[in-house]
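Colleague: The structure is given below, and queries will be raised subsequently.
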Amino acid sequence: MKFSEYKYERPDLELFKKEMEDLLETLNGDITLEQEIEVINEVFGLQDELDTMGGLASVRLSLNTKDEFYEKEQEFFDQNGPIMQQYNQMFIDKFLASKNKDGLQEEFGKLIFEQAELEKKTFKPEIIPDLQEENKLSTEYSKLTASAEIEFDGGTYNLSQMHPFATNTDRDVRHRAQLAVSNWFENNEEKLDRIYNDMVQVRSKIAKVLGYENFVQLGYDRLGRTDYNHVDVKKYRDQIFESVVPLVSKLIDRKSKRINIEDSKSYDLPLQFLSGNPTPKGDKEHLVNQAKEMYEAMSKETGEFWNFMMDHELLELEAKEGKMGGGYCTYFPLYKSPFIFSNFNGTAGDVDVLTHEAGHAFQIYSSKENIPAYRWPTMEAAEIHSMSMEFLAWPWIDKFFKEDTEKYLFSHLSGAISFLPYGVAVDEFQHGIYERPEMTPEERKTWWRKTEKKYLPYKDYDDDKFLEKGGFWFRQSHIFGMPFYYIDYTLAQVCAFQYWIKAQENHSKALDEYKELCKLGGSKSFVALLDAAKLDNPFKPGTVSRIVKPIQDYLDNIDDTKL
C-alpha cells in the first residue's frame, strides 16, 4: 500500500469516549495482572488509531495548506485533541494507582511510570480551552509562514525556495535576498507579534492553573525530561559559550578570508566558498536512488528500511506552492510507517534530509514493535539518531556531491559545530521569555538581539533594520510551536560528534553501536540512553571541550583556501 492509499477517517469522538470509558471501568474492578496488561494494550491500540488519523490529517494539510478538507480535519484535532488527552489522563491515573504496579513495571519498565507522573502534572480538565487555543495559534503560525509569496528577481517564491539565493556567490543577490525575506516578516510583524504574545500568555496561564511558578518547568515536563532540569541546561549553555563560541568565531574569520570579504555581514554567513557552496549533483529521483545505493551498502537493516520507504512512497521531498515549509519525520502506527517531509531547494540541505530525517525514520523503523511510549525517545535523544546518520553517511557522500565532496565534508563539520551557539541562543531566549511573560513585543526583540550578540558576536546585519532590532527569531518555527525543544538539537549534536569520532576510528563498530541505540527507541531516558550507548553526558563539565578538540584538529588540518 502506498502512502496515498493510507485511509484517513475522522475519529468518532463519541465512540472513542465510550470505548475508553468501558476500558477504564474494567480497570476499576478486581483485575488480575494478566487482565490489566490486556486492557492496557487495548488502550495502546486506541491511541495508535488516534495518532495515525491525526498524523495523516496533519501531514496532508502540510502538503497543501490550501486543502479545505484537511484544514477542517486539523481544526477537529486542534479542538478535540485536548478532550482526548483528558481520557488519556484518566487512564494514566488508573495506571499509576494500579494494585498490580510491580507486575506492570516488570512488563513495561519503570520509565513509563515516570513519564506518566510527568503527564499527570501537565494536565487538568480545566485547561482544555487553553490547550485548544494554543493548538489554534500554532496552526495559524504554520499557515501564515506557508502562505509567504516573496517577489524576487522576476519570480515569486515561498520561504523555503528563497534559501538558494542566500548562498549565491553574488554578494548583491545574497544581500537583496536577505532584505526580501526580512521585508516579508516585517510586513507580517504585527500578526506574528500577536500570535506569539497570545501563545506566551496562554502557556503562562496554563502553567499557573497547573501549579507551576511559570511555563519553564511545565515546558520541560511536557517534553518528558525526567533526568535533567533548567539548571543543568544553564551549565551546558555555559560550556558552549566558553568552548565553542571562540572556535566558531575563528571559523567565521577563516571563511571571511576564504570568500575574500574583510567586513563580513549576516548575508555573507551562508556562503562557504567563492566557487559556491557544495551542491548535490542530480535531481530528486537521482538523489533518492543514490540514497538507496548508500543504505544498501551501509548494512542489511538500513537497506531494508530505505527500500520500504521508497516502495510505500513515504518520501515527500519537493517544494511546491502551498506546501508548508521546513522538514520533518513522523510515524503512522497503524501502518508501521515512518514518513519524511521536506522542501528540496537544490542546496546541500537536500542531502541532509536524506541522512538527517532518514536517521529519525530508521530509528522509529527499528523500534516500531515497542509499546507506543517507547517507540520514540524524548526529543533530545531522537536527534542523536538523525545527526549521527549524517556523519555515518560520510563514506558514501561522494555519490551525492561528486567534485564537491571535500567542500561538503568541511562545511558539514564546521557548520555542525557553528550551529551550537545559535541553538543555545534560541534556548536562552525562550527561558527569558517565559520567566518574564509580561515582556512587550519590542522588549522580546531587544532580548533576542542581546542574546544573539552574546552567542553570535560576529553577526552584523548591515542595513537590515528589522533584523538589527531583533526580528530574526520570527522565522524559527520551534519557538512558536514547540517551546524549549531547540536545545535538543545541540545536545544531540554533541552526542553525534561522538559517533563521528568513533567512525573515524572504526566505522563498522560505530554503525553497530548506532543500530543498537536505534533499537532501544525511547525505552530509556536521555541520560540512561547515553549510558547504554557509551556516550559522554553533555551536562558533565568538560564534556564539550573534550569532544570539540578532535573536531578542531580535523578542521585545522584542512587547507580550506583550496576548496
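Ordered as shown in the C-alpha cells, chains take letters A, B, and onward, while each chain numbers its residues from 1 and ligands are numbered from 1 in the order shown.
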What's around segment 146-153 of chain A at 6 Å? Count only C-alpha atoms, leave out sequence neighbours fewer than 4 positions away in its own chain, and write the answer as a list in words.
Modeller: Tyr157, Asn158, Met324 and Gly325 of chain A
Colleague: Apply DSSP to the backbone of this structure and, from segment 89-328 of chain A, keep only the residues in strand (DSSP E); write these as a ChimeraX atom specification.
Modeller: /A:150-152,155-157,315-318,328
Colleague: May I have the residues from that selection written out with N, CA and C atoms, as a tab-separated table (two decimals), in the first residue's frame?
Modeller:
```
chain	number	residue	atom	x	y	z
A	150	ILE	N	7.08	35.72	-1.98
A	150	ILE	CA	8.10	36.76	-2.00
A	150	ILE	C	8.53	37.03	-3.44
A	151	GLU	N	8.33	38.27	-3.87
A	151	GLU	CA	8.74	38.66	-5.22
A	151	GLU	C	10.25	38.92	-5.21
A	152	PHE	N	10.96	38.23	-6.11
A	152	PHE	CA	12.42	38.41	-6.13
A	152	PHE	C	12.95	38.10	-7.52
A	155	GLY	N	10.68	36.45	-10.07
A	155	GLY	CA	9.94	35.25	-9.69
A	155	GLY	C	9.20	35.45	-8.38
A	156	THR	N	8.37	34.49	-8.05
A	156	THR	CA	7.65	34.50	-6.77
A	156	THR	C	7.99	33.22	-6.02
A	157	TYR	N	8.44	33.36	-4.78
A	157	TYR	CA	8.97	32.22	-4.04
A	157	TYR	C	8.38	32.15	-2.63
A	315	LEU	N	8.20	9.32	0.98
A	315	LEU	CA	9.14	10.44	0.86
A	315	LEU	C	8.45	11.56	0.08
A	316	GLU	N	8.16	12.67	0.72
A	316	GLU	CA	7.55	13.82	0.06
A	316	GLU	C	8.55	14.96	0.16
A	317	LEU	N	9.31	15.17	-0.91
A	317	LEU	CA	10.56	15.93	-0.79
A	317	LEU	C	10.60	17.27	-1.51
A	318	GLU	N	9.80	17.48	-2.52
A	318	GLU	CA	9.95	18.68	-3.35
A	318	GLU	C	9.12	19.86	-2.84
A	328	TYR	N	10.44	17.37	8.28
A	328	TYR	CA	10.20	16.59	9.49
A	328	TYR	C	10.08	15.11	9.15
```
Colleague: Please report the interatomic distance between atom CA of Glu452 of chain A and atom CA of Ile558 of chain A in Å with one decimal.
Modeller: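 Interatomic distance, atom CA of Glu452 of chain A to atom CA of Ile558 of chain A: 29.0 Å.
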Colleague: If we count only C-alpha atoms and set the cut-off at 9 Å, which residues sit around segment 69-81 of chain A, ignoring sequence neighbours fewer than 4 positions away in its own chain? Please answer as a PyMOL selection string.
Modeller: chain A and resi 10+13+54+57-58+60-61+64-65+85-86+128-129+131-136+139
Colleague: For the residues in that selection, give me N, CA and C atoms as an mmCIF file, in the first residue's frame.
Modeller:
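Ended up saving to result.cif:
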```cif
data_model
loop_
_atom_site.group_PDB
_atom_site.id
_atom_site.type_symbol
_atom_site.label_atom_id
_atom_site.label_comp_id
_atom_site.auth_asym_id
_atom_site.auth_seq_id
_atom_site.Cartn_x
_atom_site.Cartn_y
_atom_site.Cartn_z
ATOM 1 N N ARG A 10 -12.046 10.465 9.953
ATOM 2 C CA ARG A 10 -12.123 11.263 11.175
ATOM 3 C C ARG A 10 -12.563 10.364 12.337
ATOM 4 N N LEU A 13 -15.584 10.646 17.897
ATOM 5 C CA LEU A 13 -15.242 11.092 19.241
ATOM 6 C C LEU A 13 -16.099 10.405 20.302
ATOM 7 N N GLY A 54 -4.672 11.446 13.273
ATOM 8 C CA GLY A 54 -4.183 12.808 13.492
ATOM 9 C C GLY A 54 -2.951 13.090 12.645
ATOM 10 N N ALA A 57 -3.959 13.561 8.908
ATOM 11 C CA ALA A 57 -4.571 14.876 8.693
ATOM 12 C C ALA A 57 -3.514 15.974 8.681
ATOM 13 N N SER A 58 -2.602 15.912 9.647
ATOM 14 C CA SER A 58 -1.559 16.928 9.759
ATOM 15 C C SER A 58 -0.629 16.910 8.553
ATOM 16 N N ARG A 60 -1.152 15.648 5.504
ATOM 17 C CA ARG A 60 -1.795 16.022 4.240
ATOM 18 C C ARG A 60 -2.120 17.508 4.181
ATOM 19 N N LEU A 61 -2.352 18.133 5.331
ATOM 20 C CA LEU A 61 -2.510 19.584 5.333
ATOM 21 C C LEU A 61 -1.165 20.262 5.082
ATOM 22 N N ASN A 64 -0.405 20.482 1.492
ATOM 23 C CA ASN A 64 -1.166 21.509 0.784
ATOM 24 C C ASN A 64 -1.982 22.292 1.809
ATOM 25 N N THR A 65 -1.420 23.413 2.256
ATOM 26 C CA THR A 65 -2.081 24.192 3.313
ATOM 27 C C THR A 65 -3.358 24.866 2.820
ATOM 28 N N GLN A 85 -7.037 13.961 25.226
ATOM 29 C CA GLN A 85 -5.961 13.954 26.223
ATOM 30 C C GLN A 85 -6.532 13.770 27.632
ATOM 31 N N GLN A 86 -7.734 14.298 27.844
ATOM 32 C CA GLN A 86 -8.373 14.152 29.148
ATOM 33 C C GLN A 86 -8.615 12.670 29.459
ATOM 34 N N ILE A 128 -8.434 22.580 29.193
ATOM 35 C CA ILE A 128 -8.781 22.154 27.826
ATOM 36 C C ILE A 128 -9.010 23.350 26.896
ATOM 37 N N PRO A 129 -9.807 24.366 27.276
ATOM 38 C CA PRO A 129 -9.983 25.508 26.362
ATOM 39 C C PRO A 129 -8.664 26.215 26.031
ATOM 40 N N LEU A 131 -5.639 24.762 25.958
ATOM 41 C CA LEU A 131 -4.895 23.885 25.045
ATOM 42 C C LEU A 131 -5.445 24.011 23.628
ATOM 43 N N GLN A 132 -6.763 24.137 23.514
ATOM 44 C CA GLN A 132 -7.372 24.326 22.194
ATOM 45 C C GLN A 132 -6.897 25.628 21.568
ATOM 46 N N GLU A 133 -6.812 26.668 22.374
ATOM 47 C CA GLU A 133 -6.331 27.954 21.880
ATOM 48 C C GLU A 133 -4.860 27.869 21.472
ATOM 49 N N GLU A 134 -4.060 27.176 22.258
ATOM 50 C CA GLU A 134 -2.641 27.003 21.926
ATOM 51 C C GLU A 134 -2.490 26.275 20.596
ATOM 52 N N ASN A 135 -3.259 25.207 20.390
ATOM 53 C CA ASN A 135 -3.222 24.471 19.120
ATOM 54 C C ASN A 135 -3.606 25.370 17.949
ATOM 55 N N LYS A 136 -4.642 26.139 18.150
ATOM 56 C CA LYS A 136 -5.134 27.035 17.092
ATOM 57 C C LYS A 136 -4.055 28.048 16.697
ATOM 58 N N THR A 139 -1.231 26.375 14.638
ATOM 59 C CA THR A 139 -1.658 26.154 13.258
ATOM 60 C C THR A 139 -1.685 27.471 12.487
#
```
Colleague: Please identify all polymer residues within 8 Å of segment 192-207 of chain A, counting only C-alpha atoms, omitting same-chain residues fewer than 5 positions from it, and present them as a VMD selection string.
Modeller: chain A and resid 127 130 133 to 134 137 140 to 141 212 to 215 218 433 to 434 437 441 474 480
Colleague: Would you put the residues from that selection into a file with C-alpha atoms, as a tab-separated table (two decimals), in the first residue's frame?
Modeller:
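The new file part_13.tsv reads:
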```
chain	number	residue	atom	x	y	z
A	127	ILE	CA	-7.06	23.77	30.84
A	130	ASP	CA	-6.47	26.92	26.75
A	133	GLU	CA	-6.33	27.95	21.88
A	134	GLU	CA	-2.64	27.00	21.93
A	137	LEU	CA	-2.33	29.59	17.41
A	140	GLU	CA	-2.15	29.86	12.50
A	141	TYR	CA	1.63	30.46	12.59
A	212	TYR	CA	3.83	25.83	38.26
A	213	GLU	CA	5.71	29.03	39.02
A	214	ASN	CA	5.91	29.75	35.30
A	215	PHE	CA	5.91	27.87	31.99
A	218	LEU	CA	6.00	22.87	32.50
A	433	ILE	CA	10.57	34.96	27.57
A	434	TYR	CA	8.75	32.53	29.85
A	437	PRO	CA	5.92	36.71	30.14
A	441	PRO	CA	6.85	42.57	21.65
A	474	PHE	CA	10.31	35.08	13.86
A	480	PHE	CA	6.31	29.17	18.26
```
Colleague: Mind checking which residues fall within 9 Å of segment 19-26 of chain A, counting only C-alpha atoms, ignoring those fewer than 5 positions away in the same chain, and posting them as a list in words?
Modeller: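 Skipping anything fewer than 5 positions along the chain leaves Glu14, Ile31, Glu36, Val39, Ile40, Glu42, Val43, Leu46, Tyr87, Asn88, Met90, Phe91 and Lys94 of chain A.
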Colleague: Do you have the atom CA of Phe273 of chain A-atom CA of Leu392 of chain A distance handy?
Modeller: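 We find that atom CA of Phe273 of chain A and atom CA of Leu392 of chain A lie 24.2 Å from each other.
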Colleague: Just want the 12 Å neighbourhood of Lys562 of chain A, counted on only C-alpha atoms, with same-chain residues fewer than 6 positions away dropped. Output as a PyMOL selection string.
Modeller: chain A and resi 255+257-259+273-275+406-407+410
Colleague: Considering only C-alpha atoms, tabulate each residue of segment 370-466 of chain A that lies at most 10 Å from segment 163-187 of chain A along with its nearest interatomic pair and the corresponding distance in Å to one decimal; arrange the rows by chain and ascending residue number and present them as CSV.
Modeller:
```
residue,atom,partner,partner_atom,distance
A:Tyr461,CA,A:Gln178,CA,9.6
A:Asp462,CA,A:His175,CA,9.4
A:Asp463,CA,A:Leu179,CA,8.7
A:Asp464,CA,A:Leu179,CA,6.4
A:Lys465,CA,A:Ser182,CA,9.0
A:Phe466,CA,A:Glu186,CA,6.6
```
Colleague: Excluding His360 of chain A and any residue of its chain fewer than 5 positions from it, enumerate the residues within 8 Å of it, using only C-alpha atoms, and give them as a list in words.
Modeller: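 My list of contacting residues is Cys329, Ala382, Glu383, His385 and Ser386 of chain A.
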Colleague: Between A:Glu443, A:Asp460, A:Glu313, A:Glu293, which residue has the minimum interatomic distance to Ile397 of chain A, considering only C-alpha atoms?
Modeller: A:Glu293
Colleague: Please return, as a PyMOL selection string, all residues of segment 85-126 of chain A that DSSP assigns to alpha helix (DSSP H) on the basis of the backbone.
Modeller: chain A and resi 85-96+101-108+111-121
Colleague: Measuring atom to atom with only C-alpha atoms, identify which of A:Ser414, A:Phe341, A:Ala393, A:Ala373 is nearest to Glu296 of chain A.
Modeller: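 Answer, going by the shortest atom-to-atom distance: A:Ala393.
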Colleague: Have a look at A:Lys66, A:Leu33, A:Glu505, A:Leu334 and name the one nearest to Asp102 of chain A; count only C-alpha atoms.
Modeller: A:Leu33
Colleague: Hey, which of A:Ser418, A:Thr145, A:Thr446, A:Ser243 ends up closest to Gly432 of chain A? Count only C-alpha atoms.
Modeller: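 Counting only C-alpha atoms, the residue closest to Gly432 of chain A is A:Thr446.
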Colleague: Find, counting only C-alpha atoms, the residue in A:Leu530, A:Lys549, A:Val59, A:Pro538 that gets nearest to Lys235 of chain A.
Modeller: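 Nearest to Lys235 of chain A: A:Pro538.
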